[in-house]
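A.B. asks: Provided below: protein-v2.txt, containing compact mmCIF, C-alpha atoms.
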# COMPACT_ATOMS: atom_id res chain seq x y z
CA MET G 1 -9.92 6.15 -31.32
CA LEU G 2 -7.05 6.22 -28.88
CA ASP G 3 -3.83 7.79 -29.99
CA LYS G 4 -0.39 6.94 -28.66
CA HIS G 5 -0.25 10.09 -26.51
CA GLN G 6 -3.35 9.08 -24.54
CA LYS G 7 -2.00 5.58 -24.01
CA ASN G 8 1.34 6.98 -22.80
CA ILE G 9 -0.31 9.35 -20.34
CA ALA G 10 -2.47 6.53 -18.92
CA THR G 11 0.64 4.35 -18.62
CA PHE G 12 2.57 7.09 -16.83
CA ILE G 13 -0.34 7.67 -14.44
CA HIS G 14 0.03 4.07 -13.28
CA LEU G 15 3.83 4.12 -13.22
CA SER G 16 3.91 7.41 -11.31
CA THR G 17 2.94 5.47 -8.18
CA PHE G 18 6.54 4.24 -8.05
CA SER G 19 7.58 7.80 -7.19
CA ARG G 20 6.77 6.86 -3.58
CA PHE G 21 10.23 5.34 -3.40
CA PHE G 22 11.70 8.84 -3.85
CA ILE G 23 8.98 11.22 -2.64
CA PRO G 24 6.83 10.72 0.47
CA PHE G 25 3.23 10.04 -0.61
CA GLY G 26 4.40 10.05 -4.22
CA ASN G 27 2.05 7.16 -4.90
CA PHE G 28 -0.80 9.66 -4.38
CA ILE G 29 0.78 12.91 -5.56
CA GLY G 30 2.09 11.66 -8.92
CA PRO G 31 -1.10 10.01 -10.20
CA ILE G 32 -3.33 12.83 -8.92
CA ILE G 33 -1.27 15.53 -10.67
CA LEU G 34 -1.16 13.61 -13.95
CA TRP G 35 -4.84 12.67 -13.75
CA ILE G 36 -6.08 16.20 -12.93
CA ALA G 37 -3.97 17.73 -15.71
CA ASN G 38 -5.22 15.27 -18.34
CA LYS G 39 -8.63 13.95 -17.27
CA ASP G 40 -10.57 16.29 -19.56
CA LYS G 41 -8.60 15.22 -22.63
CA SER G 42 -9.86 11.65 -22.78
CA GLU G 43 -12.30 9.34 -21.02
CA PHE G 44 -9.63 6.62 -21.28
CA ILE G 45 -7.17 8.72 -19.25
CA ASP G 46 -9.90 9.69 -16.80
CA ASN G 47 -10.83 6.04 -16.22
CA HIS G 48 -7.22 4.94 -15.64
CA GLY G 49 -6.59 7.88 -13.31
CA LYS G 50 -9.62 7.05 -11.18
CA GLN G 51 -8.64 3.38 -11.08
CA ILE G 52 -5.11 3.96 -9.79
CA ILE G 53 -6.19 6.57 -7.23
CA ASN G 54 -8.95 4.27 -5.95
CA PHE G 55 -6.45 1.42 -5.79
CA GLN G 56 -3.88 3.45 -3.85
CA ILE G 57 -6.49 4.65 -1.34
CA SER G 58 -7.73 1.07 -0.93
CA ILE G 59 -4.19 -0.22 -0.37
CA LEU G 60 -3.62 2.50 2.24
CA LEU G 61 -6.77 1.48 4.10
CA TYR G 62 -5.83 -2.21 3.96
CA ALA G 63 -2.33 -1.40 5.28
CA ILE G 64 -3.75 0.64 8.14
CA MET G 65 -6.10 -2.20 9.07
CA LEU G 66 -3.32 -4.80 8.89
CA GLY G 67 -0.98 -2.60 10.93
CA THR G 68 -3.67 -2.01 13.52
CA ILE G 69 -4.02 -5.77 13.89
CA THR G 70 -0.28 -6.59 13.77
CA ILE G 71 1.33 -3.99 16.04
CA PRO G 72 -0.40 -5.08 19.29
CA PHE G 73 0.96 -8.62 18.86
CA PHE G 74 4.53 -7.28 18.87
CA ILE G 75 3.86 -4.83 21.71
CA PHE G 76 2.33 -7.52 23.94
CA ASN G 77 5.24 -9.84 23.19
CA ILE G 78 7.86 -7.20 24.07
CA PHE G 79 6.23 -6.33 27.41
CA ASN G 80 5.37 -9.94 28.29
CA GLY G 81 6.55 -10.59 31.85
CA PHE G 82 7.53 -6.95 32.45
CA ASP G 83 6.27 -5.85 35.86
CA PHE G 84 5.20 -2.21 35.73
CA ILE G 85 4.15 -2.07 39.39
CA ASN G 86 7.52 -3.11 40.87
CA PHE G 87 9.75 -1.29 38.43
CA HIS G 88 13.20 -0.68 39.94
CA GLY G 89 14.93 0.84 36.98
CA PHE G 90 17.04 -1.41 34.85
CA GLU G 91 18.80 -3.28 37.66
CA SER G 92 16.62 -6.35 37.25
CA PHE G 93 15.94 -5.91 33.55
CA HIS G 94 16.67 -8.96 31.46
CA ILE G 95 15.77 -10.20 28.03
CA ASN G 96 14.56 -13.74 27.80
CA ILE G 97 15.55 -15.31 24.51
CA GLY G 98 13.82 -18.55 25.31
CA LYS G 99 10.74 -19.91 23.66
CA PRO G 100 8.97 -17.20 21.62
CA SER G 101 5.41 -16.34 22.41
CA PRO G 102 2.61 -17.51 20.10
CA LEU G 103 1.74 -13.84 19.73
CA LEU G 104 5.05 -13.33 17.96
CA TYR G 105 4.18 -16.05 15.46
CA ILE G 106 0.82 -14.45 14.73
CA GLY G 107 2.42 -11.01 14.33
CA GLY G 108 5.15 -12.46 12.12
CA ALA G 109 2.58 -14.20 9.93
CA LEU G 110 0.70 -10.93 9.52
CA GLY G 111 4.00 -9.21 8.65
CA VAL G 112 4.69 -11.82 5.97
CA LEU G 113 1.15 -11.23 4.67
CA ALA G 114 1.94 -7.51 4.39
CA ILE G 115 5.10 -8.25 2.38
CA ILE G 116 3.20 -10.54 0.04
CA GLY G 117 0.54 -7.84 -0.38
CA PHE G 118 3.24 -5.30 -1.27
CA ILE G 119 4.67 -7.59 -3.96
CA ILE G 120 1.19 -8.22 -5.38
CA GLU G 121 0.53 -4.47 -5.40
CA LEU G 122 3.69 -3.84 -7.45
CA ALA G 123 2.76 -6.61 -9.89
CA LEU G 124 -0.77 -5.25 -10.34
CA ILE G 125 0.57 -1.74 -11.07
CA VAL G 126 2.89 -3.14 -13.75
CA ILE G 127 0.02 -5.17 -15.26
CA ALA G 128 -2.25 -2.10 -15.31
CA SER G 129 0.44 0.02 -16.96
CA LEU G 130 0.93 -2.62 -19.65
CA LYS G 131 -2.84 -2.75 -20.26
CA ALA G 132 -2.91 1.05 -20.54
CA ARG G 133 -0.02 0.93 -23.01
CA ASP G 134 -2.02 -1.52 -25.12
CA GLY G 135 -5.13 0.69 -24.99
CA GLN G 136 -7.15 -1.57 -22.73
CA LEU G 137 -9.08 -0.63 -19.61
CA TYR G 138 -8.01 -2.29 -16.38
CA ASN G 139 -9.88 -2.65 -13.09
CA TYR G 140 -7.75 -3.43 -10.06
CA PRO G 141 -9.02 -6.30 -7.92
CA LEU G 142 -10.23 -5.63 -4.34
CA THR G 143 -10.49 -1.91 -5.01
CA ILE G 144 -13.01 0.30 -3.24
CA ASN G 145 -14.40 2.80 -5.74
CA PHE G 146 -14.13 6.18 -4.05
CA LEU G 147 -14.00 8.09 -7.34
CA LYS G 148 -16.63 7.03 -9.84
As structure tokens, please, write out the structure in this file.
C.D. replies:
Amino acid sequence: MLDKHQKNIATFIHLSTFSRFFIPFGNFIGPIILWIANKDKSEFIDNHGKQIINFQISILLYAIMLGTITIPFFIFNIFNGFDFINFHGFESFHINIGKPSPLLYIGGALGVLAIIGFIIELALIVIASLKARDGQLYNYPLTINFLK
């Protein structure tokens, strides 16, 4: 039987990921500290702690992959038409604000995808915390299970 204390701890483990807005890597530090301190008290808390840590690691990996794909599109667009062999300082440097490159559209679309992913991540954390508050187990979608 789950008591209110266990439900509250599991809820706070999920909500502690929002500490990233105040502390660098708070989305990892907060849940790990709460999970390690309380994982032996309840299997319910242990399960929720593993779920949020696995989810945060998965989101980090997805963000690294998306950034690795997106950044070259912006870099190639910035240096498009820039002649590195005949570089004479900034005397002939100009910025062409004409027709944007298709690479910029692809990079922008991937950037929009990253923003949508961030919003979905926040919504899933809130849903998981509400499930924990109600005493239900929650499995995040698209999560790689590093901790089992």
A.B. asks: Closest to G:Phe25 among G:Ala37, G:Ile144, G:Leu113, G:Ile57, using all atoms listed in the file?
C.D. replies: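 Going through G:Ala37, G:Ile144, G:Leu113, G:Ile57 one by one, the smallest distance to G:Phe25 is for G:Ile57.
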A.B. asks: Tell me which residues come within 8 Å of (0.6, 0.3, -19.5), as a list in words, counting all atoms listed in the file in the file's coordinates.
C.D. replies: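 Within 8 Å of (0.6, 0.3, -19.5), the protein and nucleic acid residues are Lys7, Asn8, Ala10, Thr11, Phe12, His14, Val126, Ile127, Ala128, Ser129, Leu130, Lys131, Ala132, Arg133, Asp134 and Gly135 of chain G.
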A.B. asks: Do you have the atom CA of G:Gly67-atom CA of G:Asn54 distance handy?
C.D. replies: 19.9 Å
A.B. asks: Select, from G:Ile115, G:Ile59, G:Ala123, G:Ile32, the residue with the minimum atom-to-atom distance to G:Asp46, counting all atoms listed in the file.
C.D. replies: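 When distances to G:Asp46 are compared using all atoms listed in the file, the smallest one comes from G:Ile32.
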A.B. asks: As an exercise, work out the distance from atom CA of G:Ile45 to atom CA of G:Tyr62 in Å and give it to one decimal place.
C.D. replies: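 Straight-line distance from atom CA of G:Ile45 to atom CA of G:Tyr62 works out to 25.7 Å.
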A.B. asks: Out of G:Phe28, G:Phe55, G:Phe118, G:Tyr105, which residue has the shortest atom-to-atom distance to G:Leu142 when counting all atoms listed in the file?
C.D. replies: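 That would be G:Phe55, the residue with the smallest distance to G:Leu142.
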A.B. asks: Could you check how far atom CA of G:Thr70 sits from atom CA of G:Leu15, in Å to one decimal?
C.D. replies: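 Result for atom CA of G:Thr70 versus atom CA of G:Leu15: 29.3 Å, one decimal.
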A.B. asks: Got a sec: who's within 10 Å of G:Gly30, counting all atoms listed in the file, leaving out chain neighbours fewer than 3 positions off, as a list in words?
C.D. replies: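 Selected residues are Phe12, Ile13, His14, Leu15, Ser16, Thr17, Phe18, Ser19, Arg20, Ile23, Phe25, Gly26, Asn27, Ile33, Leu34, Trp35 and Ile53 of chain G.
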A.B. asks: Pick out the closest residue to G:Glu43 from this set: G:Ile69, G:Leu104, G:Leu137, G:Ile125. Count only C-alpha atoms.
C.D. replies: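 Once distances to G:Glu43 are computed over only C-alpha atoms, the minimum belongs to G:Leu137.
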